[in-house]
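Visitor: Below you'll find the structure I mean.
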Amino acid sequence: TIAVLLGVIAVDFIITARNPHEPTMREAGAWISVYVGLAIAFGIGMTFTAGGTHSLDFFTGWIVEYSMSMDNLFVFILILGSFAVPPQYRQRVLLVGIALALLFRGIFIALGAAVVNSFAGVFYLFGAFLLYTAYKLIAGGEDDDEYHENAAVRLVRRVLPTTDHYHGPALTTRIDGKRHVTPMLLVMVAVGLTDILFALDSIPAIFGITSDPYIVFTANAFALMGLRQLYFLIGGLIDKLVYLSHGLAVILGFIGVKL
């Protein structure tokens, strides 16, 4: 399964690298239909190979993770806007961010499964964390519409010479014989570190649905696969989704109480 998912990401990356552009709504919608169709086919196939209970767990986990991924788009939009990423290179940044998210979530899932198997009381901690997350989503905050660079990005700026302008998709460039870091590398660092925070929310949520590491990973993977196209599909409508955080708070609160 991991090999097939990596293959899909590799094909996606090759297509993006060969033709960097900002997808149209129609193109983004077509790609999302493909990824959603793959997830549905996978879930139906699981019914015949593992049983209806596991299939239901997969669909439930996938829908919850997909909903949380939509909320993550708020942050992606703020980051890409703050770094003024050229539209034709946003696909590449998002694709790298999704690959990093899969890596981080795979690590967290493995660690979470090990902890769950050795200490069942961790579910109480997961539940408390989800209730806190639900409260933060409902309470909101005045800084939700502004991105602030994290400590790691500020450290990179201080330690490494950084250019103020993009040099195509390059992560580094040479100026006057000296190697400089471009904003493209900084935005990828910012997206990658944000992915870690997203994993801290999503992993406890899906472990409240199922403790099977395989289902947890595949539900996360399919939820992330179409996230890049989802950015371009609803990016212009994100301000209208005013109740999205409240809906997610209800879902996470319910799972937290269940845990």
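Just remember, in the structure tokens the first chain shown is A, the second B, etc., residues are 1-based per chain, and ligands are 1-based in the order shown.
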Excluding stretch 134-139 of chain A and residues on its chain fewer than 5 positions from it, collect all residues at most 8 Å away from it, counting only C-alpha atoms, and give them as number ranges by chain.
Guide: A: 245-246, 248-250, 252-253
Visitor: Need the shell around stretch 218-231 of chain A: protein/DNA/RNA residues with any atom at most 9 Å away, counting only C-alpha atoms. Skip same-chain ones fewer than 6 positions apart. Format as a CSV table (one decimal) with all heavy atoms, in the first residue's frame?
Guide:
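Now in around21.csv:
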chain,number,residue,atom,x,y,z
A,1,THR,N,0.8,-1.2,0.0
A,1,THR,CA,0.0,0.0,0.0
A,1,THR,C,0.9,1.3,0.0
A,1,THR,O,0.6,2.2,-0.7
A,1,THR,CB,-0.9,0.0,1.2
A,1,THR,OG1,-1.7,-1.2,1.2
A,1,THR,CG2,-1.8,1.2,1.2
A,2,ILE,N,1.9,1.2,0.8
A,2,ILE,CA,2.8,2.4,0.9
A,2,ILE,C,3.5,2.6,-0.5
A,2,ILE,O,3.7,3.7,-0.9
A,2,ILE,CB,3.9,2.2,2.0
A,2,ILE,CG1,3.2,2.2,3.4
A,2,ILE,CG2,4.9,3.3,1.9
A,2,ILE,CD1,4.1,1.9,4.5
A,5,LEU,N,1.0,4.2,-2.9
A,5,LEU,CA,0.8,5.6,-2.5
A,5,LEU,C,2.0,6.5,-2.9
A,5,LEU,O,1.8,7.6,-3.4
A,5,LEU,CB,0.5,5.8,-1.0
A,5,LEU,CG,-0.8,5.2,-0.5
A,5,LEU,CD1,-0.9,5.2,1.0
A,5,LEU,CD2,-2.0,5.9,-1.2
A,8,VAL,N,1.9,7.1,-6.6
A,8,VAL,CA,0.9,8.1,-7.0
A,8,VAL,C,1.5,9.5,-6.8
A,8,VAL,O,1.4,10.4,-7.6
A,8,VAL,CB,-0.4,7.9,-6.2
A,8,VAL,CG1,-1.3,9.1,-6.5
A,8,VAL,CG2,-1.1,6.6,-6.6
A,9,ILE,N,2.1,9.7,-5.6
A,9,ILE,CA,2.8,11.0,-5.3
A,9,ILE,C,3.9,11.3,-6.3
A,9,ILE,O,4.0,12.4,-6.7
A,9,ILE,CB,3.3,11.0,-3.8
A,9,ILE,CG1,2.1,10.9,-2.8
A,9,ILE,CG2,4.1,12.2,-3.5
A,9,ILE,CD1,2.6,10.8,-1.4
A,23,PRO,N,-3.8,25.6,-11.3
A,23,PRO,CA,-4.9,24.8,-11.9
A,23,PRO,C,-6.2,25.6,-11.9
A,23,PRO,O,-6.5,26.4,-11.0
A,23,PRO,CB,-5.0,23.6,-10.9
A,23,PRO,CG,-3.8,23.5,-10.2
A,23,PRO,CD,-3.3,24.9,-10.1
A,25,MET,N,-10.4,25.8,-11.8
A,25,MET,CA,-11.4,25.1,-10.9
A,25,MET,C,-11.8,23.7,-11.5
A,25,MET,O,-12.0,22.8,-10.8
A,25,MET,CB,-12.6,26.0,-10.8
A,25,MET,CG,-12.4,27.3,-10.1
A,25,MET,SD,-12.4,27.2,-8.3
A,25,MET,CE,-14.2,27.0,-8.1
A,27,GLU,N,-10.0,21.8,-13.6
A,27,GLU,CA,-8.9,20.8,-13.4
A,27,GLU,C,-8.8,20.3,-12.0
A,27,GLU,O,-8.6,19.1,-11.7
A,27,GLU,CB,-7.6,21.5,-13.8
A,27,GLU,CG,-6.3,20.6,-13.7
A,27,GLU,CD,-5.1,21.3,-14.1
A,27,GLU,OE1,-5.1,22.4,-14.6
A,27,GLU,OE2,-4.0,20.7,-13.8
A,28,ALA,N,-8.9,21.2,-11.0
A,28,ALA,CA,-8.8,20.8,-9.6
A,28,ALA,C,-10.0,19.9,-9.2
A,28,ALA,O,-9.8,18.9,-8.5
A,28,ALA,CB,-8.8,22.1,-8.7
A,29,GLY,N,-11.1,20.2,-9.7
A,29,GLY,CA,-12.3,19.4,-9.5
A,29,GLY,C,-12.2,18.0,-10.0
A,29,GLY,O,-12.5,17.0,-9.4
A,30,ALA,N,-11.6,17.9,-11.2
A,30,ALA,CA,-11.4,16.6,-11.9
A,30,ALA,C,-10.4,15.7,-11.0
A,30,ALA,O,-10.6,14.5,-10.8
A,30,ALA,CB,-10.8,16.7,-13.3
A,31,TRP,N,-9.3,16.3,-10.6
A,31,TRP,CA,-8.3,15.6,-9.8
A,31,TRP,C,-8.9,15.1,-8.5
A,31,TRP,O,-8.6,14.0,-8.0
A,31,TRP,CB,-7.1,16.4,-9.6
A,31,TRP,CG,-6.1,16.3,-10.7
A,31,TRP,CD1,-5.8,17.2,-11.7
A,31,TRP,CD2,-5.2,15.2,-10.9
A,31,TRP,NE1,-4.8,16.8,-12.5
A,31,TRP,CE2,-4.4,15.6,-12.1
A,31,TRP,CE3,-5.0,14.0,-10.3
A,31,TRP,CZ2,-3.5,14.7,-12.6
A,31,TRP,CZ3,-4.0,13.1,-10.9
A,31,TRP,CH2,-3.3,13.5,-12.0
A,32,ILE,N,-9.7,16.0,-7.8
A,32,ILE,CA,-10.3,15.6,-6.6
A,32,ILE,C,-11.2,14.5,-6.8
A,32,ILE,O,-11.3,13.5,-5.9
A,32,ILE,CB,-11.0,16.8,-6.0
A,32,ILE,CG1,-10.0,17.9,-5.5
A,32,ILE,CG2,-11.9,16.4,-4.8
A,32,ILE,CD1,-10.7,19.2,-5.0
A,33,SER,N,-12.0,14.5,-7.9
A,33,SER,CA,-12.9,13.3,-8.2
A,33,SER,C,-12.1,12.0,-8.3
A,33,SER,O,-12.6,11.0,-7.8
A,33,SER,CB,-13.6,13.6,-9.5
A,33,SER,OG,-14.4,14.8,-9.4
A,34,VAL,N,-10.9,12.1,-8.9
A,34,VAL,CA,-10.1,10.9,-9.0
A,34,VAL,C,-9.7,10.4,-7.6
A,34,VAL,O,-9.8,9.2,-7.3
A,34,VAL,CB,-8.8,11.2,-9.9
A,34,VAL,CG1,-7.8,10.0,-9.8
A,34,VAL,CG2,-9.2,11.5,-11.3
A,35,TYR,N,-9.2,11.3,-6.8
A,35,TYR,CA,-8.7,10.9,-5.4
A,35,TYR,C,-9.8,10.4,-4.6
A,35,TYR,O,-9.7,9.4,-3.8
A,35,TYR,CB,-8.0,12.0,-4.8
A,35,TYR,CG,-6.6,12.3,-5.3
A,35,TYR,CD1,-6.2,13.5,-5.9
A,35,TYR,CD2,-5.6,11.2,-5.3
A,35,TYR,CE1,-4.9,13.7,-6.4
A,35,TYR,CE2,-4.4,11.4,-5.9
A,35,TYR,CZ,-4.0,12.6,-6.4
A,35,TYR,OH,-2.7,12.8,-6.9
A,36,VAL,N,-11.0,11.1,-4.6
A,36,VAL,CA,-12.1,10.6,-3.9
A,36,VAL,C,-12.6,9.3,-4.4
A,36,VAL,O,-13.0,8.4,-3.6
A,36,VAL,CB,-13.3,11.7,-3.9
A,36,VAL,CG1,-14.6,11.1,-3.3
A,36,VAL,CG2,-12.9,12.9,-3.2
A,38,LEU,N,-10.7,7.0,-5.7
A,38,LEU,CA,-9.8,6.0,-5.3
A,38,LEU,C,-10.0,5.6,-3.8
A,38,LEU,O,-10.0,4.4,-3.5
A,38,LEU,CB,-8.3,6.5,-5.4
A,38,LEU,CG,-7.8,6.6,-6.8
A,38,LEU,CD1,-6.4,7.3,-6.8
A,38,LEU,CD2,-7.7,5.3,-7.5
A,39,ALA,N,-10.4,6.6,-3.0
A,39,ALA,CA,-10.6,6.3,-1.6
A,39,ALA,C,-11.9,5.4,-1.4
A,39,ALA,O,-11.9,4.5,-0.6
A,39,ALA,CB,-10.8,7.6,-0.8
A,58,PHE,N,-12.7,2.6,8.1
A,58,PHE,CA,-11.9,3.4,7.2
A,58,PHE,C,-12.7,4.6,6.7
A,58,PHE,O,-12.1,5.7,6.6
A,58,PHE,CB,-11.5,2.5,6.0
A,58,PHE,CG,-10.9,3.3,4.8
A,58,PHE,CD1,-9.6,3.8,4.8
A,58,PHE,CD2,-11.7,3.6,3.7
A,58,PHE,CE1,-9.1,4.5,3.8
A,58,PHE,CE2,-11.2,4.3,2.7
A,58,PHE,CZ,-9.9,4.8,2.7
A,59,PHE,N,-13.9,4.4,6.3
A,59,PHE,CA,-14.7,5.5,5.7
A,59,PHE,C,-14.9,6.6,6.8
A,59,PHE,O,-14.8,7.8,6.5
A,59,PHE,CB,-16.0,5.0,5.2
A,59,PHE,CG,-16.0,4.4,3.8
A,59,PHE,CD1,-16.3,3.1,3.6
A,59,PHE,CD2,-15.6,5.2,2.7
A,59,PHE,CE1,-16.2,2.6,2.3
A,59,PHE,CE2,-15.5,4.7,1.5
A,59,PHE,CZ,-15.8,3.4,1.2
A,60,THR,N,-15.2,6.2,8.0
A,60,THR,CA,-15.4,7.1,9.1
A,60,THR,C,-14.1,7.9,9.3
A,60,THR,O,-14.1,9.2,9.4
A,60,THR,CB,-15.8,6.4,10.4
A,60,THR,OG1,-16.9,5.6,10.2
A,60,THR,CG2,-16.1,7.5,11.5
A,61,GLY,N,-13.0,7.2,9.4
A,61,GLY,CA,-11.7,7.9,9.6
A,61,GLY,C,-11.3,8.8,8.5
A,61,GLY,O,-10.8,9.9,8.7
A,62,TRP,N,-11.6,8.4,7.3
A,62,TRP,CA,-11.3,9.2,6.1
A,62,TRP,C,-12.1,10.5,6.0
A,62,TRP,O,-11.5,11.5,5.8
A,62,TRP,CB,-11.5,8.3,4.8
A,62,TRP,CG,-11.4,9.1,3.5
A,62,TRP,CD1,-10.3,9.8,3.1
A,62,TRP,CD2,-12.4,9.2,2.5
A,62,TRP,NE1,-10.6,10.4,1.9
A,62,TRP,CE2,-11.9,10.0,1.5
A,62,TRP,CE3,-13.8,8.8,2.4
A,62,TRP,CZ2,-12.6,10.4,0.4
A,62,TRP,CZ3,-14.5,9.1,1.3
A,62,TRP,CH2,-13.9,9.9,0.3
A,63,ILE,N,-13.4,10.4,6.3
A,63,ILE,CA,-14.2,11.6,6.3
A,63,ILE,C,-13.8,12.5,7.4
A,63,ILE,O,-13.7,13.8,7.1
A,63,ILE,CB,-15.7,11.2,6.5
A,63,ILE,CG1,-16.2,10.4,5.2
A,63,ILE,CG2,-16.6,12.4,6.7
A,63,ILE,CD1,-17.6,9.8,5.3
A,64,VAL,N,-13.5,12.0,8.6
A,64,VAL,CA,-13.1,12.9,9.7
A,64,VAL,C,-11.7,13.6,9.3
A,64,VAL,O,-11.6,14.8,9.5
A,64,VAL,CB,-12.9,12.1,11.0
A,64,VAL,CG1,-12.2,13.0,12.1
A,64,VAL,CG2,-14.3,11.7,11.5
A,65,GLU,N,-10.8,12.8,8.8
A,65,GLU,CA,-9.5,13.4,8.4
A,65,GLU,C,-9.6,14.3,7.3
A,65,GLU,O,-8.9,15.4,7.2
A,65,GLU,CB,-8.5,12.3,8.1
A,65,GLU,CG,-8.1,11.4,9.2
A,65,GLU,CD,-7.4,12.1,10.3
A,65,GLU,OE1,-6.6,13.0,10.0
A,65,GLU,OE2,-7.6,11.8,11.5
A,66,TYR,N,-10.5,14.1,6.3
A,66,TYR,CA,-10.7,15.0,5.2
A,66,TYR,C,-11.3,16.3,5.7
A,66,TYR,O,-10.9,17.4,5.2
A,66,TYR,CB,-11.6,14.3,4.2
A,66,TYR,CG,-11.4,14.7,2.7
A,66,TYR,CD1,-10.2,15.4,2.4
A,66,TYR,CD2,-12.2,14.3,1.7
A,66,TYR,CE1,-10.0,15.8,1.1
A,66,TYR,CE2,-12.0,14.7,0.4
A,66,TYR,CZ,-10.9,15.4,0.1
A,66,TYR,OH,-10.6,15.8,-1.2
A,67,SER,N,-12.2,16.2,6.6
A,67,SER,CA,-12.8,17.4,7.2
A,67,SER,C,-11.8,18.3,7.9
A,67,SER,O,-11.7,19.5,7.7
A,67,SER,CB,-13.9,17.1,8.1
A,67,SER,OG,-14.9,16.3,7.5
A,68,MET,N,-10.9,17.6,8.6
A,68,MET,CA,-9.8,18.3,9.3
A,68,MET,C,-8.8,18.9,8.3
A,68,MET,O,-8.3,20.0,8.6
A,68,MET,CB,-9.1,17.4,10.4
A,68,MET,CG,-10.1,17.0,11.5
A,68,MET,SD,-9.2,16.0,12.7
A,68,MET,CE,-8.2,17.2,13.5
A,69,SER,N,-8.6,18.2,7.2
A,69,SER,CA,-7.7,18.7,6.2
A,69,SER,C,-8.2,19.9,5.6
A,69,SER,O,-7.4,20.8,5.2
A,69,SER,CB,-7.4,17.6,5.2
A,69,SER,OG,-6.8,16.5,5.7
A,70,MET,N,-9.5,20.0,5.4
A,70,MET,CA,-10.1,21.2,4.9
A,70,MET,C,-9.8,22.4,5.8
A,70,MET,O,-9.6,23.5,5.3
A,70,MET,CB,-11.6,21.1,4.6
A,70,MET,CG,-12.0,20.1,3.5
A,70,MET,SD,-13.7,19.9,3.3
A,70,MET,CE,-14.2,21.6,2.8
A,73,LEU,N,-6.5,24.0,5.4
A,73,LEU,CA,-6.3,24.9,4.2
A,73,LEU,C,-6.3,26.3,4.6
A,73,LEU,O,-5.7,27.2,4.0
A,73,LEU,CB,-7.4,24.6,3.2
A,73,LEU,CG,-7.4,23.3,2.4
A,73,LEU,CD1,-8.5,23.2,1.5
A,73,LEU,CD2,-6.1,23.2,1.7
A,76,PHE,N,-2.7,26.9,5.3
A,76,PHE,CA,-1.9,26.9,4.0
A,76,PHE,C,-2.1,28.2,3.3
A,76,PHE,O,-1.1,28.7,2.7
A,76,PHE,CB,-2.4,25.7,3.2
A,76,PHE,CG,-1.8,24.4,3.6
A,76,PHE,CD1,-2.5,23.2,3.3
A,76,PHE,CD2,-0.5,24.3,4.2
A,76,PHE,CE1,-1.9,22.0,3.7
A,76,PHE,CE2,0.0,23.1,4.6
A,76,PHE,CZ,-0.7,22.0,4.3
A,77,ILE,N,-3.3,28.7,3.2
A,77,ILE,CA,-3.6,29.9,2.5
A,77,ILE,C,-2.9,31.1,3.1
A,77,ILE,O,-2.3,31.9,2.4
A,77,ILE,CB,-5.1,30.2,2.4
A,77,ILE,CG1,-5.8,29.2,1.5
A,77,ILE,CG2,-5.4,31.6,2.0
A,77,ILE,CD1,-7.3,29.2,1.5
A,90,ARG,N,2.8,27.2,-6.4
A,90,ARG,CA,2.1,26.8,-5.2
A,90,ARG,C,1.8,25.3,-5.2
A,90,ARG,O,1.8,24.7,-4.2
A,90,ARG,CB,0.8,27.6,-5.1
A,90,ARG,CG,1.0,29.1,-4.8
A,90,ARG,CD,-0.2,29.9,-4.7
A,90,ARG,NE,0.1,31.3,-4.4
A,90,ARG,CZ,-0.8,32.3,-4.2
A,90,ARG,NH1,-2.1,31.9,-4.2
A,90,ARG,NH2,-0.4,33.5,-3.9
A,91,GLN,N,1.6,24.8,-6.4
A,91,GLN,CA,1.4,23.3,-6.5
A,91,GLN,C,2.5,22.6,-5.9
A,91,GLN,O,2.4,21.6,-5.2
A,91,GLN,CB,1.1,22.9,-7.9
A,91,GLN,CG,-0.3,23.3,-8.5
A,91,GLN,CD,-0.6,22.4,-9.6
A,91,GLN,OE1,-1.1,21.3,-9.5
A,91,GLN,NE2,-0.4,22.9,-10.8
A,94,LEU,N,2.7,22.8,-2.1
A,94,LEU,CA,1.7,22.0,-1.4
A,94,LEU,C,2.0,20.5,-1.6
A,94,LEU,O,1.8,19.8,-0.6
A,94,LEU,CB,0.3,22.3,-2.1
A,94,LEU,CG,-0.2,23.7,-1.8
A,94,LEU,CD1,-1.5,24.0,-2.6
A,94,LEU,CD2,-0.6,23.9,-0.3
A,95,LEU,N,2.6,20.1,-2.7
A,95,LEU,CA,2.9,18.7,-2.9
A,95,LEU,C,4.0,18.3,-1.9
A,95,LEU,O,3.9,17.2,-1.3
A,95,LEU,CB,3.3,18.5,-4.3
A,95,LEU,CG,3.4,17.0,-4.8
A,95,LEU,CD1,2.1,16.3,-4.5
A,95,LEU,CD2,3.8,16.9,-6.2
A,98,ILE,N,2.5,18.0,1.5
A,98,ILE,CA,1.7,16.8,1.7
A,98,ILE,C,2.6,15.6,1.8
A,98,ILE,O,2.3,14.7,2.7
A,98,ILE,CB,0.8,16.6,0.4
A,98,ILE,CG1,-0.3,17.7,0.5
A,98,ILE,CG2,0.1,15.2,0.4
A,98,ILE,CD1,-1.1,17.7,-0.8
A,99,ALA,N,3.7,15.5,1.1
A,99,ALA,CA,4.7,14.4,1.3
A,99,ALA,C,5.2,14.4,2.7
A,99,ALA,O,5.4,13.3,3.3
A,99,ALA,CB,5.8,14.5,0.2
A,101,ALA,N,3.8,15.7,5.3
A,101,ALA,CA,2.7,15.4,6.2
A,101,ALA,C,2.5,13.8,6.3
A,101,ALA,O,2.3,13.3,7.4
A,101,ALA,CB,1.4,16.0,5.7
A,102,LEU,N,2.6,13.1,5.1
A,102,LEU,CA,2.5,11.7,5.1
A,102,LEU,C,3.6,11.1,5.9
A,102,LEU,O,3.4,10.1,6.7
A,102,LEU,CB,2.5,11.2,3.7
A,102,LEU,CG,1.2,11.2,2.9
A,102,LEU,CD1,1.5,10.8,1.5
A,102,LEU,CD2,0.2,10.3,3.6
A,105,ARG,N,3.0,11.9,9.7
A,105,ARG,CA,1.9,11.1,10.3
A,105,ARG,C,2.2,9.6,10.4
A,105,ARG,O,1.8,9.0,11.3
A,105,ARG,CB,0.7,11.4,9.4
A,105,ARG,CG,0.2,12.8,9.5
A,105,ARG,CD,-1.2,13.0,8.9
A,105,ARG,NE,-1.5,14.5,8.9
A,105,ARG,CZ,-2.7,14.9,8.7
A,105,ARG,NH1,-3.8,14.1,8.6
A,105,ARG,NH2,-3.0,16.2,8.7
A,106,GLY,N,3.0,9.1,9.4
A,106,GLY,CA,3.4,7.7,9.5
A,106,GLY,C,4.2,7.5,10.8
A,106,GLY,O,4.0,6.5,11.4
A,202,SER,N,-4.8,15.4,14.3
A,202,SER,CA,-5.5,14.3,13.6
A,202,SER,C,-5.3,12.9,14.1
A,202,SER,O,-6.2,12.1,14.1
A,202,SER,CB,-5.1,14.4,12.1
A,202,SER,OG,-3.7,14.1,11.9
A,203,ILE,N,-4.1,12.6,14.6
A,203,ILE,CA,-3.8,11.3,15.0
A,203,ILE,C,-4.7,10.9,16.2
A,203,ILE,O,-5.3,9.8,16.2
A,203,ILE,CB,-2.3,11.1,15.3
A,203,ILE,CG1,-1.5,11.4,14.0
A,203,ILE,CG2,-2.0,9.7,15.8
A,203,ILE,CD1,-1.9,10.5,12.8
A,206,ILE,N,-8.3,10.1,15.0
A,206,ILE,CA,-8.7,8.9,14.3
A,206,ILE,C,-8.4,7.6,15.2
A,206,ILE,O,-9.0,6.6,15.0
A,206,ILE,CB,-7.9,8.8,13.0
A,206,ILE,CG1,-8.5,7.7,12.1
A,206,ILE,CG2,-6.4,8.5,13.2
A,206,ILE,CD1,-8.0,7.7,10.7
Visitor: As a VMD selection string, please: all residues of stretch 22-175 of chain A that backbone DSSP puts in alpha helix (DSSP H).
Guide: chain A and resid 25 to 50 52 to 82 90 to 118 122 to 139 151 to 159
Visitor: Counting only C-alpha atoms, which residue out of A:Gly43, A:Val189, A:Ile109, A:Thr24 sits closest to A:Leu233?
Guide: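 Nearest candidate to A:Leu233 out of A:Gly43, A:Val189, A:Ile109, A:Thr24: A:Thr24.
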Visitor: Just to confirm, what's the straight-line distance from atom CA of A:Phe42 to atom CA of A:Ala3 in Å (one decimal)?
Guide: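 Here the two named atoms are 14.9 Å from each other.
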Visitor: For atom CA of A:Leu111 and atom CA of A:Asp57, determine how far apart the two atoms are, in Å to one decimal place.
Guide: 20.2 Å
Visitor: Counting only C-alpha atoms, figure out which residue out of A:Ile40, A:Thr210, A:Ala205, A:Phe217 gets nearest to A:Ala128.
Guide: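 Under the stated criterion, the closest residue is A:Ala205.
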Visitor: Leaving out A:Arg179 and any residue of its chain fewer than 5 positions from it, which residues lie within 9 Å of it when counting only C-alpha atoms, given as a PyMOL selection string?
Guide: chain A and resi 161-162+172-174
Visitor: I'd like the contact shell of A:Pro213 - 8 Å cut-off, only C-alpha atoms, skipping same-chain residues fewer than 2 positions apart - returned as a list in words.
Guide: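 Neighbouring residues, sequence-local ones excluded: Ile109, Ala110, Ala113, Ser211, Ile215, Val216 and Phe217 of chain A.
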Visitor: Under the rule that only C-alpha atoms are counted, which of A:Met188, A:Val257, A:Leu100, A:Ile196 is the nearest residue to A:Ala170?
Guide: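 Going through A:Met188, A:Val257, A:Leu100, A:Ile196 one by one, the smallest distance to A:Ala170 is for A:Met188.
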Visitor: Which distance in Å separates atom CA of A:Leu125 and atom CA of A:Gly208, to one decimal?
Guide: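 Here the two named atoms are 11.1 Å from each other.
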Visitor: For A:Lys258, please output as an NGL selection string all residues within 10 Å (counting only C-alpha atoms; exclusion window: fewer than 2 positions along the same chain).
Guide: :A and (123-124 or 127 or 208-209 or 252-256)
Visitor: Counting only C-alpha atoms, which residue out of A:Tyr166, A:Ile107, A:Leu186, A:His54 sits closest to A:Pro87?
Guide: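 Closest to A:Pro87 of all the choices is A:Tyr166.
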Visitor: Measuring atom to atom with only C-alpha atoms, identify which of A:Gly52, A:Gly97, A:Gly7, A:Gly112 is nearest to A:Pro204.
Guide: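 Selected residue with least distance to A:Pro204: A:Gly112.
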Visitor: Quick one: pick out all strand (DSSP E) residues within stretch 170-213 of chain A from a backbone DSSP run and write them as a PyMOL selection string.
Guide: chain A and resi 172-175+178-181
